[in-house]
Amino acid sequence: MPNLTSIWPFFIVSDLNKSVSFYVDKLGFELRFTGPDDDPYWAIVGRDSISIMLKAILPEVKPIPNHTRHEWARWDAYISTQDPEKLFDEYLSKDVKFFKPLQINSDNLLGFEIEDADGYVLYFGRPNQ
């Protein structure tokens, strides 16, 4: 039995409500946790078997997506999907902003890139077969 079962990226966000809303309303994720109850500043959103942690720290602590540091390091998370075409069509219908459209990239991966509410770039794809 495998010992490692999942990984949850942890993104610093500017506005927790705006970020949660993006993942839930645009990407079809569900809100799995938010806390603390009296003044939430972090949350877990997820879809299927993946989760992402979001945390608003302080107003002066801003998100720093990889692509802002170097153009060759665009992705903040790689999300493996069995059917990138179907997911692309779903997100297209929800007016999701694509960083790169559905394509086969230079690494022979079939997928697409989106930019979330804080500028993090998520790659949804799989090896091209």
# chains A, B, ... in the order shown; residues from 1 in each chain; ligands from 1
call {"tool": "residues_around", "arguments": {"residues": "segment 21-37 of chain A", "least_positions_apart": "2", "cutoff": "12 Å", "atoms": "only C-alpha atoms", "output": "ChimeraX atom specification"}}
result
/A:13,15-19,39-56,87-98,114-120,122,124
call {"tool": "residues_around", "arguments": {"residues": "Gly111 of chain A", "least_positions_apart": "5", "cutoff": "8 Å", "atoms": "only C-alpha atoms", "output": "PDB file with N, CA and C atoms, in the first residue's frame"}}
result
ATOM      1  N   PRO A  84      -8.477  16.246 -20.310  1.00  0.00           N
ATOM      2  CA  PRO A  84      -8.298  17.691 -20.343  1.00  0.00           C
ATOM      3  C   PRO A  84      -9.251  18.401 -21.308  1.00  0.00           C
ATOM      4  N   GLU A  85      -9.634  17.726 -22.391  1.00  0.00           N
ATOM      5  CA  GLU A  85     -10.551  18.346 -23.356  1.00  0.00           C
ATOM      6  C   GLU A  85     -11.905  18.654 -22.719  1.00  0.00           C
ATOM      7  N   PRO A 101      -4.274  28.147 -23.797  1.00  0.00           N
ATOM      8  CA  PRO A 101      -5.411  27.298 -24.154  1.00  0.00           C
ATOM      9  C   PRO A 101      -5.002  25.830 -24.269  1.00  0.00           C
ATOM     10  N   LEU A 102      -5.983  24.981 -24.495  1.00  0.00           N
ATOM     11  CA  LEU A 102      -5.736  23.546 -24.672  1.00  0.00           C
ATOM     12  C   LEU A 102      -4.767  23.334 -25.826  1.00  0.00           C
ATOM     13  N   GLN A 103      -3.687  22.613 -25.554  1.00  0.00           N
ATOM     14  CA  GLN A 103      -2.672  22.363 -26.567  1.00  0.00           C
ATOM     15  C   GLN A 103      -1.728  21.267 -26.097  1.00  0.00           C
ATOM     16  N   ILE A 104      -0.934  20.781 -27.011  1.00  0.00           N
ATOM     17  CA  ILE A 104       0.167  19.887 -26.671  1.00  0.00           C
ATOM     18  C   ILE A 104       1.390  20.782 -26.523  1.00  0.00           C
ATOM     19  N   ASN A 105       1.987  20.785 -25.342  1.00  0.00           N
ATOM     20  CA  ASN A 105       3.102  21.700 -25.097  1.00  0.00           C
ATOM     21  C   ASN A 105       4.448  21.063 -25.453  1.00  0.00           C
ATOM     22  N   TYR A 123      -1.846  24.199 -14.106  1.00  0.00           N
ATOM     23  CA  TYR A 123      -1.828  23.431 -15.342  1.00  0.00           C
ATOM     24  C   TYR A 123      -2.689  22.197 -15.138  1.00  0.00           C
ATOM     25  N   PHE A 124      -3.661  22.000 -16.000  1.00  0.00           N
ATOM     26  CA  PHE A 124      -4.509  20.819 -15.993  1.00  0.00           C
ATOM     27  C   PHE A 124      -4.156  20.012 -17.229  1.00  0.00           C
ATOM     28  N   GLY A 125      -3.682  18.789 -17.050  1.00  0.00           N
ATOM     29  CA  GLY A 125      -3.301  18.022 -18.218  1.00  0.00           C
ATOM     30  C   GLY A 125      -2.851  16.614 -17.916  1.00  0.00           C
ATOM     31  N   ARG A 126      -2.312  16.022 -18.959  1.00  0.00           N
ATOM     32  CA  ARG A 126      -1.797  14.643 -18.884  1.00  0.00           C
ATOM     33  C   ARG A 126      -0.784  14.455 -20.001  1.00  0.00           C
TER      34      ARG A 126
END
call {"tool": "select_by_dssp", "arguments": {"residues": "chain A", "states": "alpha helix (DSSP H)", "output": "CSV table (one decimal) with N, CA and C atoms, in the first residue's frame"}}
result
chain,number,residue,atom,x,y,z
A,16,LEU,N,-9.5,36.1,0.9
A,16,LEU,CA,-9.9,34.7,1.0
A,16,LEU,C,-11.2,34.5,0.3
A,17,ASN,N,-12.2,35.3,0.5
A,17,ASN,CA,-13.5,35.1,0.0
A,17,ASN,C,-13.5,35.2,-1.6
A,18,LYS,N,-12.7,36.1,-2.1
A,18,LYS,CA,-12.6,36.2,-3.6
A,18,LYS,C,-11.9,34.9,-4.1
A,19,SER,N,-10.9,34.4,-3.5
A,19,SER,CA,-10.2,33.2,-3.9
A,19,SER,C,-11.1,32.0,-3.8
A,20,VAL,N,-11.8,31.8,-2.7
A,20,VAL,CA,-12.7,30.7,-2.6
A,20,VAL,C,-13.8,30.7,-3.6
A,21,SER,N,-14.3,31.9,-3.8
A,21,SER,CA,-15.4,32.1,-4.8
A,21,SER,C,-14.9,31.6,-6.2
A,66,ASN,N,4.7,31.9,-9.4
A,66,ASN,CA,6.0,31.6,-10.0
A,66,ASN,C,6.2,32.4,-11.3
A,67,HIS,N,5.2,32.6,-12.1
A,67,HIS,CA,5.5,33.3,-13.4
A,67,HIS,C,5.9,34.8,-13.1
A,68,THR,N,5.7,35.3,-12.0
A,68,THR,CA,6.1,36.7,-11.7
A,68,THR,C,7.6,36.7,-11.4
A,69,ARG,N,8.2,35.6,-11.0
A,69,ARG,CA,9.6,35.5,-10.7
A,69,ARG,C,10.4,35.1,-11.9
A,84,PRO,N,-8.5,16.2,-20.3
A,84,PRO,CA,-8.3,17.7,-20.3
A,84,PRO,C,-9.3,18.4,-21.3
A,85,GLU,N,-9.6,17.7,-22.4
A,85,GLU,CA,-10.6,18.3,-23.4
A,85,GLU,C,-11.9,18.7,-22.7
A,86,LYS,N,-12.4,17.7,-22.0
A,86,LYS,CA,-13.7,17.9,-21.3
A,86,LYS,C,-13.7,19.0,-20.3
A,87,LEU,N,-12.6,19.0,-19.5
A,87,LEU,CA,-12.4,20.0,-18.5
A,87,LEU,C,-12.3,21.4,-19.1
A,88,PHE,N,-11.5,21.5,-20.2
A,88,PHE,CA,-11.3,22.7,-20.9
A,88,PHE,C,-12.7,23.3,-21.4
A,89,ASP,N,-13.5,22.4,-21.9
A,89,ASP,CA,-14.8,22.9,-22.4
A,89,ASP,C,-15.7,23.4,-21.2
A,90,GLU,N,-15.6,22.7,-20.1
A,90,GLU,CA,-16.4,23.1,-18.9
A,90,GLU,C,-15.9,24.5,-18.5
A,91,TYR,N,-14.6,24.7,-18.4
A,91,TYR,CA,-14.1,26.0,-17.9
A,91,TYR,C,-14.4,27.1,-19.0
A,92,LEU,N,-14.3,26.7,-20.2
A,92,LEU,CA,-14.6,27.7,-21.3
A,92,LEU,C,-16.0,28.2,-21.1
A,93,SER,N,-17.0,27.3,-20.8
A,93,SER,CA,-18.4,27.7,-20.6
A,93,SER,C,-18.6,28.6,-19.4
call {"tool": "atom_distance", "arguments": {"atom1": "atom CA of Val121 of chain A", "atom2": "atom CA of Asp107 of chain A"}}
result
16.8 Å
call {"tool": "select_by_dssp", "arguments": {"residues": "segment 18-99 of chain A", "states": "strand (DSSP E)", "output": "list of chain:residue names"}}
result
A:Glu30, A:Leu31, A:Arg32, A:Phe33, A:Thr34, A:Gly35, A:Trp42, A:Ala43, A:Ile44, A:Val45, A:Gly46, A:Arg47, A:Ile50, A:Ser51, A:Ile52, A:Met53, A:Leu54, A:Lys55, A:Ala77, A:Tyr78, A:Ile79, A:Ser80, A:Phe98, A:Phe99
call {"tool": "write_last_selection", "arguments": {"atoms": "C-alpha atoms", "output": "compact mmCIF listing (two decimals), in the first residue's frame"}}
result
# COMPACT_ATOMS: atom_id res chain seq x y z
CA GLU A 30 -16.18 22.62 -3.19
CA LEU A 31 -15.37 24.42 0.03
CA ARG A 32 -14.07 21.67 2.32
CA PHE A 33 -13.00 23.75 5.29
CA THR A 34 -12.71 27.34 6.42
CA GLY A 35 -11.48 28.68 9.72
CA TRP A 42 -7.74 30.09 5.59
CA ALA A 43 -9.66 27.51 3.65
CA ILE A 44 -9.39 24.20 1.86
CA VAL A 45 -11.06 23.86 -1.53
CA GLY A 46 -11.14 20.67 -3.53
CA ARG A 47 -12.56 18.70 -6.38
CA ILE A 50 -7.38 17.03 -5.03
CA SER A 51 -7.31 19.88 -2.53
CA ILE A 52 -5.72 23.31 -2.37
CA MET A 53 -5.14 25.29 0.82
CA LEU A 54 -5.68 29.05 0.66
CA LYS A 55 -4.54 31.48 3.33
CA ALA A 77 0.54 23.55 -9.54
CA TYR A 78 0.25 20.67 -12.00
CA ILE A 79 -3.15 18.97 -11.77
CA SER A 80 -3.32 15.64 -13.52
CA PHE A 98 -6.88 30.85 -19.72
CA PHE A 99 -3.19 31.56 -19.40
call {"tool": "closest_residue", "arguments": {"among": "A:Asp76, A:Pro65, A:His70, A:Glu60", "to": "Trp8 of chain A", "atoms": "only C-alpha atoms"}}
result
A:Asp76
call {"tool": "atom_distance", "arguments": {"atom1": "atom CA of Ser106 of chain A", "atom2": "atom CA of Gln82 of chain A"}}
result
19.1 Å
call {"tool": "atom_distance", "arguments": {"atom1": "atom CA of Phe112 of chain A", "atom2": "atom CA of Lys100 of chain A"}}
result
5.5 Å
